[in-house]
file upload.cif (mmCIF, C-alpha atoms and all ligand atoms)
data_query
loop_
_atom_site.label_atom_id
_atom_site.label_comp_id
_atom_site.auth_asym_id
_atom_site.auth_seq_id
_atom_site.Cartn_x
_atom_site.Cartn_y
_atom_site.Cartn_z
CA MET A 950 49.93 158.35 145.32
CA LYS A 951 46.97 158.71 143.02
CA LYS A 952 44.05 156.34 142.94
CA TRP A 953 42.50 155.23 139.69
CA GLN A 954 39.26 153.34 139.33
CA CYS A 955 38.31 151.01 136.51
CA SER A 956 34.97 152.34 135.24
CA VAL A 957 33.91 148.83 134.19
CA CYS A 958 34.59 146.58 137.22
CA LYS A 959 35.40 149.27 139.85
CA TYR A 960 38.88 147.86 140.60
CA ILE A 961 41.03 150.53 142.29
CA HIS A 962 44.67 150.96 141.28
CA THR A 963 47.16 153.05 143.23
CA GLY A 964 49.99 154.64 141.25
CA GLU A 965 51.12 157.66 139.29
CA ARG A 966 49.28 156.47 136.19
CA PRO A 967 46.57 153.91 135.51
CA PRO A 968 47.66 150.37 134.59
CA GLU A 969 47.89 149.55 130.87
CA LYS A 970 45.23 146.93 131.39
CA CYS A 971 42.81 146.34 134.25
CA PRO A 972 44.15 143.27 136.11
CA VAL A 973 40.58 142.19 136.91
CA CYS A 974 38.40 142.75 133.84
CA GLY A 975 41.07 143.47 131.21
CA VAL A 976 39.88 146.82 129.82
CA GLY A 977 42.52 149.34 128.68
CA SER A 978 43.94 152.26 130.69
CA GLU A 979 41.53 154.69 128.98
CA LYS A 980 38.71 153.21 131.05
CA PHE A 981 40.37 154.30 134.31
CA VAL A 982 39.26 157.49 136.03
CA LEU A 983 41.21 159.43 138.60
CA LEU A 984 39.55 159.23 142.01
CA ASP A 985 41.35 161.61 144.35
CA ALA A 986 42.70 164.26 142.02
CA GLY A 987 45.46 166.30 143.64
CA LYS A 988 46.35 169.73 142.25
CA ASP A 989 48.99 168.27 139.91
CA ALA A 990 46.80 165.48 138.75
CA PRO A 991 45.67 165.25 135.14
CA ALA A 992 41.99 165.79 134.54
CA ALA A 993 39.85 162.72 134.88
CA ASP A 994 38.20 161.23 131.82
CA LYS A 995 35.14 163.43 131.57
CA THR A 996 33.11 160.76 129.83
CA ALA A 997 33.35 158.43 132.77
CA VAL A 998 31.42 158.68 135.97
CA SER A 999 33.85 159.80 138.63
CA SER A 1000 33.80 161.16 142.11
CA ALA A 1001 36.83 163.31 141.20
CA GLN A 1002 36.23 166.97 141.85
CA LYS A 1003 37.69 169.56 139.56
CA PRO A 1004 39.62 172.28 141.42
CA ALA A 1005 37.73 175.55 141.40
CA ALA A 1006 38.84 177.72 138.51
CA GLN A 1007 40.35 181.09 139.51
CA THR A 1008 39.45 183.15 136.49
CA ASP A 1009 37.45 186.31 135.83
CA SER A 1010 34.93 184.52 133.72
CA PRO A 1011 32.21 182.76 135.67
CA ALA A 1012 33.45 179.34 136.64
CA PRO A 1013 31.68 176.60 134.76
CA LYS A 1014 29.56 174.51 137.04
CA PRO A 1015 31.16 171.16 137.75
CA LEU A 1016 29.54 168.42 135.75
CA GLN A 1017 26.91 166.84 137.90
CA PRO A 1018 26.01 163.25 137.24
CA ALA A 1019 22.59 163.16 135.64
CA PRO A 1020 19.98 162.33 138.26
CA ALA A 1021 18.93 158.73 137.92
CA ALA A 1022 15.85 158.71 135.73
CA PRO A 1023 12.88 157.03 137.36
CA PRO A 1024 12.28 153.58 135.88
CA ALA A 1025 10.27 153.96 132.69
CA ASN A 1026 8.07 150.97 133.29
CA LEU A 1027 7.55 147.92 135.43
CA TYR A 1028 10.14 145.92 133.46
CA GLU A 1029 12.83 148.55 134.09
CA LYS A 1030 11.83 148.66 137.76
CA ILE A 1031 12.23 144.89 138.10
CA ILE A 1032 15.59 144.98 136.26
CA GLY A 1033 16.80 147.74 138.62
CA LEU A 1034 15.77 145.71 141.67
CA MET A 1035 17.44 142.58 140.25
CA VAL A 1036 20.79 144.35 139.82
CA LYS A 1037 20.52 146.10 143.18
CA HIS A 1038 19.85 142.87 145.06
CA HIS A 1039 22.40 140.75 143.16
CA ALA A 1040 19.89 138.49 141.44
CA HIS A 1041 22.63 136.84 139.37
CA PRO A 1042 24.78 135.38 142.19
CA VAL A 1043 21.59 134.51 144.08
CA SER A 1044 20.22 132.56 141.11
CA VAL A 1045 23.58 130.92 140.32
CA HIS A 1046 23.81 129.40 143.79
CA ILE A 1047 20.67 127.33 143.20
CA PRO A 1048 21.71 125.16 140.21
CA ASN A 1049 25.37 125.19 141.25
CA GLY A 1050 24.46 123.23 144.35
CA ILE A 1051 22.67 120.53 142.35
CA LEU A 1052 24.84 120.38 139.24
CA PRO A 1053 27.91 118.70 140.83
CA ALA A 1054 25.61 116.24 142.61
CA ALA A 1055 24.12 115.22 139.25
CA VAL A 1056 27.58 114.65 137.75
CA VAL A 1057 28.72 112.60 140.76
CA LEU A 1058 25.53 110.51 140.58
CA PHE A 1059 26.07 109.83 136.86
CA ILE A 1060 29.67 108.76 137.51
CA LEU A 1061 28.54 106.45 140.35
CA ALA A 1062 25.83 105.00 138.09
CA TRP A 1063 28.40 104.39 135.36
CA VAL A 1064 30.97 102.80 137.66
CA PHE A 1065 28.53 100.70 139.73
CA ASP A 1066 25.96 100.09 137.02
CA ALA A 1067 23.22 101.49 139.28
CA GLN A 1068 20.05 102.70 137.55
CA LEU A 1069 18.78 104.42 140.69
CA PHE A 1070 21.73 106.84 140.55
CA VAL A 1071 21.01 107.60 136.88
CA LYS A 1072 17.44 108.56 137.75
CA ALA A 1073 18.57 110.67 140.71
CA GLY A 1074 21.17 112.40 138.51
CA PHE A 1075 18.57 113.10 135.85
CA ILE A 1076 16.12 114.60 138.36
CA ASN A 1077 18.89 116.88 139.63
CA LEU A 1078 19.65 117.99 136.08
CA VAL A 1079 15.98 118.86 135.51
CA PHE A 1080 16.20 121.28 138.44
CA VAL A 1081 19.36 122.76 136.90
CA ILE A 1082 17.55 123.23 133.57
CA LEU A 1083 14.64 124.94 135.32
CA ALA A 1084 16.97 127.41 137.07
CA LEU A 1085 19.23 128.13 134.07
CA PRO A 1086 16.97 130.61 132.21
CA PHE A 1087 16.90 132.86 135.27
CA VAL A 1088 20.66 132.47 135.78
CA LEU A 1089 21.43 133.40 132.16
CA PHE A 1090 18.91 136.25 132.10
CA SER A 1091 20.15 137.79 135.36
CA GLY A 1092 23.74 137.37 134.14
CA ILE A 1093 23.04 139.26 130.90
CA ILE A 1094 21.24 142.00 132.85
CA GLU A 1095 24.17 142.37 135.25
CA TRP A 1096 26.70 142.44 132.38
CA LYS A 1097 24.69 145.16 130.62
CA LYS A 1098 23.92 147.32 133.64
CA LYS A 1099 27.01 146.86 135.82
CA TYR A 1100 29.79 146.19 133.31
CA ASN A 1101 28.50 148.26 130.40
CA GLN A 1102 28.61 145.19 128.09
CA ALA A 1103 32.41 145.18 128.19
CA LEU A 1104 33.74 142.50 125.84
CA THR A 1105 37.23 141.83 127.11
CA THR A 1106 38.66 138.29 127.06
CA LEU A 1107 37.43 137.82 130.62
CA PHE A 1108 33.80 138.55 129.75
CA LYS A 1109 34.02 136.50 126.53
CA ILE A 1110 35.25 133.47 128.50
CA LYS A 1111 32.50 133.95 131.09
CA ILE A 1112 29.78 134.15 128.44
CA MET A 1113 31.18 131.12 126.60
CA ALA A 1114 31.42 129.14 129.85
CA ALA A 1115 27.79 129.96 130.67
CA ALA A 1116 26.65 128.98 127.17
CA LEU A 1117 28.63 125.74 127.36
CA THR A 1118 27.16 124.88 130.77
CA ALA A 1119 23.61 125.42 129.48
CA THR A 1120 24.26 123.49 126.24
CA ALA A 1121 25.87 120.52 128.00
CA CYS A 1122 23.01 120.41 130.51
CA LEU A 1123 20.40 120.48 127.74
CA ILE A 1124 22.24 117.75 125.79
CA SER A 1125 22.39 115.52 128.89
CA VAL A 1126 18.69 115.91 129.68
CA ILE A 1127 17.57 115.29 126.08
CA TRP A 1128 20.00 112.38 125.72
CA TYR A 1129 18.63 110.71 128.87
CA LEU A 1130 15.03 111.21 127.70
CA ILE A 1131 15.86 109.56 124.36
CA ASP A 1132 17.98 106.79 125.89
CA PRO A 1133 17.51 106.19 129.63
CA ASP A 1134 20.03 103.34 129.36
CA VAL A 1135 22.79 105.63 128.12
CA LEU A 1136 25.06 104.85 131.08
CA VAL A 1137 25.10 101.15 130.33
CA SER A 1138 25.60 101.74 126.59
CA ALA A 1139 28.88 102.01 124.67
CA ASN A 1140 28.44 105.80 124.58
CA ALA A 1141 28.37 106.11 128.36
CA TRP A 1142 31.82 107.72 128.46
CA ILE A 1143 30.69 110.47 126.03
CA PHE A 1144 27.70 111.18 128.29
CA ILE A 1145 30.04 111.42 131.28
CA LEU A 1146 32.38 113.66 129.25
CA VAL A 1147 29.50 116.05 128.40
CA ASN A 1148 28.70 116.21 132.10
CA MET A 1149 32.33 116.87 133.03
CA VAL A 1150 32.40 119.71 130.48
CA MET A 1151 29.24 121.12 132.08
CA LEU A 1152 30.82 120.98 135.55
CA ALA A 1153 34.10 122.53 134.37
CA SER A 1154 32.29 125.33 132.51
CA ALA A 1155 30.17 126.13 135.56
CA GLY A 1156 33.38 126.23 137.59
CA ILE A 1157 35.07 128.62 135.15
CA ALA A 1158 32.04 130.93 135.06
CA GLY A 1159 32.01 130.91 138.87
CA HIS A 1160 35.74 131.58 139.06
CA ILE A 1161 35.42 134.65 136.83
CA GLY A 1162 32.37 135.81 138.78
CA GLY A 1163 34.45 135.60 141.97
CA LYS A 1164 37.29 137.53 140.30
CA LEU A 1165 34.89 140.32 139.32
CA VAL A 1166 33.34 140.48 142.77
CA PHE A 1167 36.49 140.25 144.89
CA LYS A 1168 38.80 142.06 142.38
CA ASP A 1169 41.79 139.77 142.83
ZN ZN A 1201 38.35 146.50 135.42
#

call {"tool": "encode", "arguments": {"input": "upload.cif", "output": "structure tokens"}}
result
Amino acid sequence: MKKWQCSVCKYIHTGERPPEKCPVCGVGSEKFVLLDAGKDAPAADKTAVSSAQKPAAQTDSPAPKPLQPAPAAPPANLYEKIIGLMVKHHAHPVSVHIPNGILPAAVVLFILAWVFDAQLFVKAGFINLVFVILALPFVLFSGIIEWKKKYNQALTTLFKIKIMAAALTATACLISVIWYLIDPDVLVSANAWIFILVNMVMLASAGIAGHIGGKLVFKD
């Protein structure tokens, strides 16, 4: 059986031919490269980075040297160096774990405040959301970096949903913080349910972004 690797998310498929669509990231079969090419195997996509070795040519003409992957260029500047280190050390999942711990707590506190009419919970929820807001720029930045460097800016449905979920999380968080600053009594007002709804959307979006992140990491 041949092994094919998705050049975007690195998912490995076993079979005679690559799948029509990557079951993890959704790119087409043309993005798959043959990993362990047997002698009957078709040539791997030469544009993709692959560990496949071409069989040595038995001809009179000098055999062309197998294409070597270009040596990794040294980082051009400090910015590139930092970006490289961020991707290498998984800065995106690291940064995501910080606000994702606080975000559900904020939503629960707002719901408790709404149900029990408790101002202390509103304040606690708001303080939690401020920490989320502070962490979000780094989360979004590291996410964009990872998408560019690791996934070659692939724009399949999966990545579109992930980007939209991240944008929605950030927007809902910003709306909640600004809304509270304008009207600290929002949870005892007639619009309280809309405020709670915005927070539920934020929580659901963060969950969807996390779910897709898990899918990309664990490839299932
Ligand atoms: Zn894939």

call {"tool": "closest_residue", "arguments": {"input": "upload.cif", "among": "A:His1046, A:Lys951, A:Lys1037, A:Lys980", "to": "ligand ZN 1201 (chain A)", "atoms": "only C-alpha atoms and all ligand atoms"}}
result
A:Lys980

call {"tool": "closest_residue", "arguments": {"input": "upload.cif", "among": "A:Ala1025, A:Ala1067, A:Val976, A:Ala1155", "to": "ligand ZN 1201 (chain A)", "atoms": "all atoms listed in the file"}}
result
A:Val976

call {"tool": "residues_near_ligand", "arguments": {"input": "upload.cif", "ligand": "ligand ZN 1201 (chain A)", "cutoff": "7 Å", "atoms": "all atoms listed in the file", "output": "list in words"}}
result
Cys955, Ser956, Val957, Cys958, Lys959, Tyr960, Cys971, Pro972, Val973, Cys974, Gly975 and Val976 of chain A

call {"tool": "atom_distance", "arguments": {"input": "upload.cif", "atom1": "atom CA of A:Ser1044", "atom2": "atom CA of A:Gly1092"}}
result
9.2 Å

call {"tool": "residues_near_point", "arguments": {"input": "upload.cif", "point": "(27.9, 99.8, 134.0)", "cutoff": "9 Å", "atoms": "all atoms listed in the file", "output": "ChimeraX atom specification"}}
result
/A:1062-1067,1136-1138,1141

call {"tool": "write_last_selection", "arguments": {"input": "upload.cif", "atoms": "C-alpha atoms", "output": "compact mmCIF listing (two decimals), in the coordinates of the input"}}
result
# COMPACT_ATOMS: atom_id res chain seq x y z
CA ALA A 1062 25.83 105.00 138.09
CA TRP A 1063 28.40 104.39 135.36
CA VAL A 1064 30.97 102.80 137.66
CA PHE A 1065 28.53 100.70 139.73
CA ASP A 1066 25.96 100.09 137.02
CA ALA A 1067 23.22 101.49 139.28
CA LEU A 1136 25.06 104.85 131.08
CA VAL A 1137 25.10 101.15 130.33
CA SER A 1138 25.60 101.74 126.59
CA ALA A 1141 28.37 106.11 128.36

call {"tool": "closest_residue", "arguments": {"input": "upload.cif", "among": "A:Asn1049, A:Ile1060, A:Asp1132, A:Val1166", "to": "A:Ala1119", "atoms": "all atoms listed in the file"}}
result
A:Asn1049

call {"tool": "closest_residue", "arguments": {"input": "upload.cif", "among": "A:Lys1030, A:Gly964, A:Leu1165, A:Val1079", "to": "A:Tyr1100", "atoms": "only C-alpha atoms"}}
result
A:Leu1165

call {"tool": "residues_around", "arguments": {"input": "upload.cif", "residues": "A:Val1045", "least_positions_apart": "4", "cutoff": "12 Å", "atoms": "all atoms listed in the file", "output": "list in words"}}
result
His1039, Ala1040, His1041, Asn1049, Gly1050, Ile1051, Leu1052, Val1081, Ile1082, Leu1083, Ala1084, Leu1085, Pro1086, Phe1087, Val1088, Leu1089, Phe1090, Ser1091, Gly1092, Ala1115, Thr1118, Ala1155, Gly1156, Ala1158, Gly1159, Gly1162 and Gly1163 of chain A

call {"tool": "closest_residue", "arguments": {"input": "upload.cif", "among": "A:Phe1108, A:Phe1080, A:Trp1128, A:Trp1142", "to": "A:Ile1047", "atoms": "all atoms listed in the file"}}
result
A:Phe1080

call {"tool": "closest_residue", "arguments": {"input": "upload.cif", "among": "A:Ala1153, A:Ile1032, A:Phe1075, A:Lys1168", "to": "A:Lys1097", "atoms": "only C-alpha atoms"}}
result
A:Ile1032

call {"tool": "residues_around", "arguments": {"input": "upload.cif", "residues": "A:Leu1152", "least_positions_apart": "5", "cutoff": "10 Å", "atoms": "only C-alpha atoms", "output": "PyMOL selection string"}}
result
chain A and resi 1049+1052-1056+1114+1117-1118+1121-1122+1146-1147+1157

call {"tool": "axis_aligned_box", "arguments": {"input": "upload.cif", "around": "stretch 1040-1052 of chain A", "padding_each_side": "3 Å", "output": "JSON"}}
result
{"center_x": 22.6, "center_y": 129.4, "center_z": 141.8, "size_x": 11.5, "size_y": 24.1, "size_z": 11.1}

call {"tool": "atom_distance", "arguments": {"input": "upload.cif", "atom1": "atom CA of A:Met1113", "atom2": "atom CA of A:Glu1095"}}
result
15.8 Å

call {"tool": "atom_distance", "arguments": {"input": "upload.cif", "atom1": "atom CA of A:Lys1098", "atom2": "atom CA of A:Pro1042"}}
result
14.7 Å

call {"tool": "build_atoms", "arguments": {"input": "upload.cif", "residues": "stretch 1052-1079 of chain A", "atoms": "N, CA and C atoms", "output": "compact mmCIF listing (two decimals), keeping the file's coordinate frame"}}
result
# COMPACT_ATOMS: atom_id res chain seq x y z
N LEU A 1052 24.11 120.84 140.43
CA LEU A 1052 24.84 120.38 139.24
C LEU A 1052 25.98 119.40 139.56
N PRO A 1053 26.85 119.68 140.54
CA PRO A 1053 27.91 118.70 140.83
C PRO A 1053 27.34 117.39 141.35
N ALA A 1054 26.23 117.46 142.10
CA ALA A 1054 25.61 116.24 142.61
C ALA A 1054 25.16 115.36 141.44
N ALA A 1055 24.57 115.98 140.42
CA ALA A 1055 24.12 115.22 139.25
C ALA A 1055 25.29 114.52 138.58
N VAL A 1056 26.41 115.24 138.43
CA VAL A 1056 27.58 114.65 137.75
C VAL A 1056 28.13 113.49 138.58
N VAL A 1057 28.21 113.67 139.90
CA VAL A 1057 28.72 112.60 140.76
C VAL A 1057 27.79 111.37 140.67
N LEU A 1058 26.48 111.62 140.66
CA LEU A 1058 25.53 110.51 140.58
C LEU A 1058 25.68 109.76 139.26
N PHE A 1059 25.89 110.49 138.16
CA PHE A 1059 26.07 109.83 136.86
C PHE A 1059 27.35 108.98 136.86
N ILE A 1060 28.41 109.52 137.46
CA ILE A 1060 29.67 108.76 137.51
C ILE A 1060 29.49 107.49 138.35
N LEU A 1061 28.80 107.62 139.49
CA LEU A 1061 28.54 106.45 140.35
C LEU A 1061 27.71 105.41 139.59
N ALA A 1062 26.70 105.91 138.86
CA ALA A 1062 25.83 105.00 138.09
C ALA A 1062 26.64 104.25 137.04
N TRP A 1063 27.56 104.97 136.43
CA TRP A 1063 28.40 104.39 135.36
C TRP A 1063 29.34 103.33 135.94
N VAL A 1064 29.99 103.70 137.05
CA VAL A 1064 30.97 102.80 137.66
C VAL A 1064 30.29 101.58 138.28
N PHE A 1065 29.17 101.81 138.99
CA PHE A 1065 28.53 100.70 139.73
C PHE A 1065 27.32 100.13 139.01
N ASP A 1066 27.06 100.62 137.80
CA ASP A 1066 25.96 100.09 137.02
C ASP A 1066 24.63 100.17 137.79
N ALA A 1067 24.39 101.34 138.41
CA ALA A 1067 23.22 101.49 139.28
C ALA A 1067 22.20 102.44 138.66
N GLN A 1068 21.08 101.90 138.23
CA GLN A 1068 20.05 102.70 137.55
C GLN A 1068 19.43 103.76 138.46
N LEU A 1069 19.38 103.45 139.76
CA LEU A 1069 18.78 104.42 140.69
C LEU A 1069 19.56 105.74 140.67
N PHE A 1070 20.89 105.63 140.59
CA PHE A 1070 21.73 106.84 140.55
C PHE A 1070 21.50 107.62 139.25
N VAL A 1071 21.26 106.90 138.16
CA VAL A 1071 21.01 107.60 136.88
C VAL A 1071 19.76 108.45 137.02
N LYS A 1072 18.72 107.84 137.58
CA LYS A 1072 17.44 108.56 137.75
C LYS A 1072 17.63 109.77 138.66
N ALA A 1073 18.35 109.57 139.76
CA ALA A 1073 18.57 110.67 140.71
C ALA A 1073 19.36 111.79 140.02
N GLY A 1074 20.37 111.41 139.24
CA GLY A 1074 21.17 112.40 138.51
C GLY A 1074 20.31 113.17 137.54
N PHE A 1075 19.45 112.45 136.83
CA PHE A 1075 18.57 113.10 135.85
C PHE A 1075 17.64 114.10 136.52
N ILE A 1076 17.05 113.69 137.65
CA ILE A 1076 16.12 114.60 138.36
C ILE A 1076 16.87 115.87 138.79
N ASN A 1077 18.09 115.71 139.26
CA ASN A 1077 18.89 116.88 139.63
C ASN A 1077 19.10 117.80 138.43
N LEU A 1078 19.40 117.18 137.27
CA LEU A 1078 19.65 117.99 136.08
C LEU A 1078 18.40 118.75 135.64
N VAL A 1079 17.23 118.16 135.86
CA VAL A 1079 15.98 118.86 135.51
C VAL A 1079 15.87 120.15 136.33
